[in-house]
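Report on the structure given below.
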Amino acid sequence: MKAKQIAMMALSGAVVAGLTGCGESEDGKPGFLERVTRDFFGGDEEQARQPMPPLQVSVMKLQQQTVPVYATWFGQLRGTEQADIKPEVSGKIVQKVYIDGSPCEKGEVLFRIDDVTYKAAVDMAAANLEAAKAAVLQAEVAEAQAEQDLARFSELVKSGSVSDKTFRDAEHAKKRAAAALAAAKAQVKQAEAALDNAQINLDRCCIRAPFDGYASASTVSVGDHVSPGAMTLTRMSAIDPIRVDFVVTGKHVLDIVTQTNFRAGENMDSPFTEFDVILEDGTLYGKKGVVKTMDSEVNTSTGTVNFIGEIPNAELRLRSGASVQVRAKVSEVKDAFLVPKAAILSSMNHRFIYVVGKDNQPYGIDVILGQEIALEMPSGAGKAVMPMQVVTARAINNGNGEVMTLADILKGIGYDNPLDAPVIVEGGQMAQIYANINMGMKKAGAPAGFAEIAPNPAAYDYRKPMTTTPSVTAKSE
């Protein structure tokens, strides 16, 4: 199969769409559309076969390098430590100590609850404890007296001075005294526990930060009555570093594990250890995150695997609750072919690049798009960071049962070294029309070179798209 037949792609309707309004030039001579029509449907044979003027285009040589492959997932930010601060005792808020959104150290007081009744409870519990201790002293004295009586009666009963009944009564009195002492000691322990509980409730009147972090705006004001339960006074988050929760499909995790040298237990908890965070405005956060844990199971409901990471947040640009995108390098494509993103043309469900052949003819190549990356490339102004697109040839057969690569197709056009092939970056749509005209003229028996391409000798000049429209009324300085 000839190289032109392999590489040239006919786009239905491109000639008519590209040449509408070109039926006749201003000097009365036939235009492009009329000349092509005459060629197909009759007319002045010699005039219809006159070559079209060369098409001026900007080109860039095909690039090749190893390109990282990234995967992107949706993530949610939250504090590495995060807690709803709720009251544990009832009472009136008498003071809000912290400033909304301010940093708070562990143990720092956030709110104070009226503690008058709780101090009274502590005093009462302390008094009860003292009374219980006094009862113990009394019980100890009674037990000592009963012990002495029992010892004295035990000698007298031997001589017959007292009856057996008197001795047995002394034994019973000793046991009762011992029991009373034990009960008094138990009352002391109960009183101590009551005092501890009263002191705990008193301490809970000062609501403190459970860890170092930032406290959100409070939901209550001084004078509000609060009680234990569902009421949340504020929310504490530790956000430096900040936690990133994201999920990856189970199949994607399998692909990552397959494409990398991931081995469980070898200093890796996940197929990738670092990731980038893309903020809601599309900007890339300046610090890299680190994967902390990867769930060992795939969620049966969602088919995803949960990941937890952390990322430095010293400037506090990231806040808990925000949505982000998580991007990680999962593999790389070696010796990938790249073209400027502006060189990609679309037609229906296909993507094309156009190359200027050594015969100055445009050749369209059906390609499949891969990773898009930003690279510093040569341009008319020296160098510029421009969006580049990885491309591979759509699978086509060379007639011998072999699938042709992009390098094979370019070699068929005449470029043994694919990096010598000039890719059309500006003027691609007209080059597409020229290619279709050449195809139509060739079918009609016209000689080769009917519509030629004239590449601009200067390097392609990349210009970053403007994000705003300059004011037409603004005065220039």
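Residue names in the structure tokens use chain letters A, B, ... in the order shown, residue numbers from 1 in each chain, and ligand numbers from 1 in the order shown.
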
* Asked: Can you list, as JSON, numbers by chain, every protein, DNA or RNA residue that comes within 12 Å of A:Asp461 when you count only C-alpha atoms, leaving out same-chain residues fewer than 2 positions away?
  -> {"A": [57, 58, 59, 60, 340, 342, 377, 378, 379, 380, 381, 382, 383, 384, 385, 386, 425, 426, 456, 457, 458, 459, 463, 464]}

Contact residues around A:Ala170 with only C-alpha atoms at 10 Å, ignoring same-chain residues under 6 positions, as an mmCIF file with N, CA and C atoms, in the first residue's frame:
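New file out-v2.cif:
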data_model
loop_
_atom_site.group_PDB
_atom_site.id
_atom_site.type_symbol
_atom_site.label_atom_id
_atom_site.label_comp_id
_atom_site.auth_asym_id
_atom_site.auth_seq_id
_atom_site.Cartn_x
_atom_site.Cartn_y
_atom_site.Cartn_z
ATOM 1 N N ALA A 146 -14.205 -3.167 121.926
ATOM 2 C CA ALA A 146 -14.758 -4.527 121.839
ATOM 3 C C ALA A 146 -13.651 -5.564 121.896
ATOM 4 N N GLU A 147 -12.507 -5.265 121.317
ATOM 5 C CA GLU A 147 -11.362 -6.185 121.340
ATOM 6 C C GLU A 147 -10.847 -6.359 122.783
ATOM 7 N N GLN A 148 -10.785 -5.251 123.508
ATOM 8 C CA GLN A 148 -10.325 -5.328 124.903
ATOM 9 C C GLN A 148 -11.309 -6.130 125.764
ATOM 10 N N ASP A 149 -12.596 -5.891 125.608
ATOM 11 C CA ASP A 149 -13.615 -6.622 126.367
ATOM 12 C C ASP A 149 -13.533 -8.117 126.083
ATOM 13 N N LEU A 150 -13.362 -8.464 124.842
ATOM 14 C CA LEU A 150 -13.293 -9.882 124.492
ATOM 15 C C LEU A 150 -12.076 -10.540 125.132
ATOM 16 N N ALA A 151 -10.938 -9.815 125.117
ATOM 17 C CA ALA A 151 -9.716 -10.379 125.720
ATOM 18 C C ALA A 151 -9.906 -10.564 127.235
ATOM 19 N N ARG A 152 -10.530 -9.605 127.931
ATOM 20 C CA ARG A 152 -10.732 -9.673 129.369
ATOM 21 C C ARG A 152 -11.700 -10.797 129.727
ATOM 22 N N PHE A 153 -12.812 -10.926 128.985
ATOM 23 C CA PHE A 153 -13.793 -11.964 129.273
ATOM 24 C C PHE A 153 -13.267 -13.362 128.981
ATOM 25 N N SER A 154 -12.348 -13.459 128.062
ATOM 26 C CA SER A 154 -11.800 -14.783 127.739
ATOM 27 C C SER A 154 -11.005 -15.341 128.909
ATOM 28 N N ASP A 164 -20.592 -18.186 130.241
ATOM 29 C CA ASP A 164 -20.302 -18.381 128.807
ATOM 30 C C ASP A 164 -21.103 -17.405 127.958
ATOM 31 N N ARG A 176 -19.507 -7.006 115.525
ATOM 32 C CA ARG A 176 -20.307 -5.851 115.104
ATOM 33 C C ARG A 176 -19.438 -4.600 114.969
#

* List every residue of stretch 53-288 of chain A that DSSP, applied to the backbone of this structure, assigns to helix (DSSP H, G or I), and report them as a ChimeraX atom specification. => /A:116-159,164-203,250-259

* Asked: Taking only C-alpha atoms into account, which of A:Val248, A:Leu279, A:Val423, A:Val222 comes nearest A:Glu297?
  ->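 When distances to A:Glu297 are compared using only C-alpha atoms, the smallest one comes from A:Val248.
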
* To do: Name all residues at most 7 Å from A:Ser218 (count only C-alpha atoms; drop same-chain ones fewer than 3 positions away) and give them as a ChimeraX atom specification.
  => /A:100,233-234

* Residue neighbourhood A:Ile308, 9 Å, only C-alpha atoms, exclusion window fewer than 4 positions, as an NGL selection string -> :A and (243-247 or 290-295)

* Could you pull out the residues in stretch 105-314 of chain A that DSSP calls strand (DSSP E) from the backbone, as number ranges by chain? => A: 109-113, 206-208, 213-215, 225-226, 234-249, 274-278, 289-294, 304-311

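You can rank A:Ala134, A:Ala173, A:Ile413, A:Val367 by their closest distance to A:Ile396 using only C-alpha atoms, and at the top of that list sits A:Val367.
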
* Restricting the calculation to only C-alpha atoms, which member of A:Asp240, A:Asp203, A:Glu372, A:Glu171 is positioned closest to A:Glu88? -> A:Asp203

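Atom CA of A:Ser90 is found 24.5 Å from atom CA of A:Ser237.
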
* Pick out the closest residue to A:Gln82 from this set: A:Glu192, A:Asp420, A:Glu280, A:Asp212. Count only C-alpha atoms. =>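 Closest candidate: A:Asp212.
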
* **Proximity to A:Ala209 - best of A:Arg319, A:Lys61, A:Arg235, A:Lys158, only C-alpha atoms** => A:Arg235

* Rank A:Glu155, A:Asp276, A:Asp169, A:Glu452 by their smallest atom-to-atom distance to A:Trp73, using only C-alpha atoms, and report the top residue only. => A:Asp276

* Polymer residues at most 12 Å from stretch 356-362 of chain A, only C-alpha atoms, same-chain spacing of 2 or more positions, as a PyMOL selection string -> chain A and resi 3-4+7-10+52+54-62+352-354+364-365+409-416+418+420-425+427-439+448-456
